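Engineer: First the structure, then my questions, so here it is.
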Amino acid sequence: MRFDIFSLFPEVFQPYLEISILKRALQNNLIEVHTHNIRDWATDRHHTTDDTPYGGGGGMIMKPEPVFAAVEDVLGAPPACPVILLCPQGQPFTQEIAFNLASYDHLALICGRYESFDERIREHLATHVISIGDFILTGGELPALMLLDAVARLQPGVLGDNEATSDDSFSNGLLEYPQYTRPLEFRGWTVPEVLQQGNHAQQARWKREQSLIRTLLWRPDLLLKADLSDKDRKFLEDYVAQKLAQQMEDTDTD
């Protein structure tokens with residue numbers, strides 16, 4: 001899979017790409033990452049990429065000419081791959097979107113700076129506008145890295161184990177169950193007994209139930225869209241009833 005990243009600070013990306021999983025993915029030709037400095041396509045002697053906004057307002061706006069020129073010079077006009085604009089006004093990035101983007105063999109990412117983009121970049125160049133959250137950063141480089149990482153790790157062979165992502169949080173609509181490793185006991189805290197045994201059916205049931213509980217407690221909004229079986233719903237109903245009963249008992253005791 002190929003990523004083309006357009007940024008005013010392409011040097012930001014290299015350190016992250018030189019470590020761990022993404023480094024191995026690049027070395028094994030499982031992904032390609034090409035960074036491009038938008039400033040190289042500015043035509044004036046100062047390589048200007050921003051200007052003041054029409055209608056007034058604070059901050060500077062990224063000019064359309066160098067952004068269009070950079071993307072179209074590298075990818076053609078119009079680009080044959082999705083062009084993703086990283087912007088806080090975009091669609092919230094989710095694991096579902098990551099899975100969808102991972103099905104492409106080529107993605108382009110545009111990183112903003114300054115106050116905003118000229119709207120014509122959004123309307124006539126970008127095919128997707130994606131946000132990583134309801135907050136503002138100084139530029140789109142960190143969001144681009146996050147999207148790149150989330151999509152790249154879904155490519156076959158990148159994690160070594162093609163099933164490694166199947167239990168990730170959000171992959172099945174739920175948060176991931178608790179994980180443990182050695183030592184068996186640490187400061188008096190012990191690994192749950194069910195995980196110490198070899199009964200895979202019981203372990204699978206425990207993992208599913210723990211995912212349901214964790215999602216209910218930490219991200220109940222996810223349950224509204226999760227693909228739940230009748231057994232899942234019955235477990236959650238019983239869990240909630242048990243907790244309510246326990247609260248009432250504790251209240252009576254007090």
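Residues in the structure tokens are named by chain (A, B, ... in the order shown) and by number from 1 within that chain; ligands are numbered from 1 in the order shown.
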Looking only at the backbone, which of the residues in range 87-183 of chain A does DSSP tag as alpha helix (DSSP H), as a ChimeraX atom specification?
Structural biologist: /A:95-102,119-124,141-152
Engineer: Produce a file of the selected residues containing C-alpha atoms, as a PDB file, in the first residue's frame.
Structural biologist:
ATOM      1  CA  GLN A  95     -11.667   1.917  13.286  1.00  0.00           C
ATOM      2  CA  GLU A  96     -14.435   1.291  10.763  1.00  0.00           C
ATOM      3  CA  ILE A  97     -13.054   4.075   8.557  1.00  0.00           C
ATOM      4  CA  ALA A  98      -9.555   2.647   9.005  1.00  0.00           C
ATOM      5  CA  PHE A  99     -10.770  -0.742   7.745  1.00  0.00           C
ATOM      6  CA  ASN A 100     -12.421   0.935   4.774  1.00  0.00           C
ATOM      7  CA  LEU A 101      -9.316   2.934   3.850  1.00  0.00           C
ATOM      8  CA  ALA A 102      -7.137  -0.159   4.263  1.00  0.00           C
ATOM      9  CA  GLU A 119     -12.347  26.085   0.905  1.00  0.00           C
ATOM     10  CA  ARG A 120     -11.691  25.182  -2.746  1.00  0.00           C
ATOM     11  CA  ILE A 121      -9.174  22.578  -1.586  1.00  0.00           C
ATOM     12  CA  ARG A 122     -11.905  20.872   0.413  1.00  0.00           C
ATOM     13  CA  GLU A 123     -14.552  21.199  -2.299  1.00  0.00           C
ATOM     14  CA  HIS A 124     -12.595  20.326  -5.418  1.00  0.00           C
ATOM     15  CA  GLU A 141       0.996  16.101  10.579  1.00  0.00           C
ATOM     16  CA  LEU A 142       0.133  14.276  13.806  1.00  0.00           C
ATOM     17  CA  PRO A 143      -3.366  13.371  12.560  1.00  0.00           C
ATOM     18  CA  ALA A 144      -1.825  12.109   9.302  1.00  0.00           C
ATOM     19  CA  LEU A 145       0.613   9.933  11.242  1.00  0.00           C
ATOM     20  CA  MET A 146      -2.222   8.522  13.328  1.00  0.00           C
ATOM     21  CA  LEU A 147      -4.275   7.692  10.251  1.00  0.00           C
ATOM     22  CA  LEU A 148      -1.256   6.203   8.487  1.00  0.00           C
ATOM     23  CA  ASP A 149      -0.438   4.010  11.503  1.00  0.00           C
ATOM     24  CA  ALA A 150      -4.040   2.837  11.955  1.00  0.00           C
ATOM     25  CA  VAL A 151      -4.408   1.924   8.277  1.00  0.00           C
ATOM     26  CA  ALA A 152      -0.931   0.481   7.743  1.00  0.00           C
TER      27      ALA A 152
END
Engineer: Using only C-alpha atoms, what does the table of range 99-136 of chain A residues within 12 Å of range 48-52 of chain A look like, with each row giving the shortest atom pair and its distance in Å to one decimal, sorted by chain and ascending number, as a tab-separated table?
Structural biologist:
residue	atom	partner	partner_atom	distance
A:Gly112	CA	A:Asp50	CA	10.5
A:Arg113	CA	A:Asp50	CA	8.9
A:Tyr114	CA	A:Asp50	CA	7.8
A:Glu115	CA	A:Asp50	CA	9.5
A:Ser116	CA	A:Asp50	CA	9.5
A:Phe117	CA	A:Asp50	CA	8.9
A:Asp118	CA	A:Asp50	CA	9.2
Engineer: As an exercise, work out the distance from CA of Tyr54 in chain A to CA of Ala77 in chain A in Å and give it to one decimal place.
Structural biologist: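 Between CA of Tyr54 in chain A and CA of Ala77 in chain A the gap is 27.1 Å.
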Engineer: Take CA of Glu237 in chain A and CA of Tyr177 in chain A and report the distance between them in Å, one decimal.
Structural biologist: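 Those two atoms sit 18.7 Å apart.
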Engineer: May I ask which of the residues A:Leu22, A:Arg2, A:Asp40, A:Tyr16 is the closest one to Leu159 in chain A, counting only C-alpha atoms?
Structural biologist: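 For Leu159 in chain A, the nearest of the candidates is A:Leu22.
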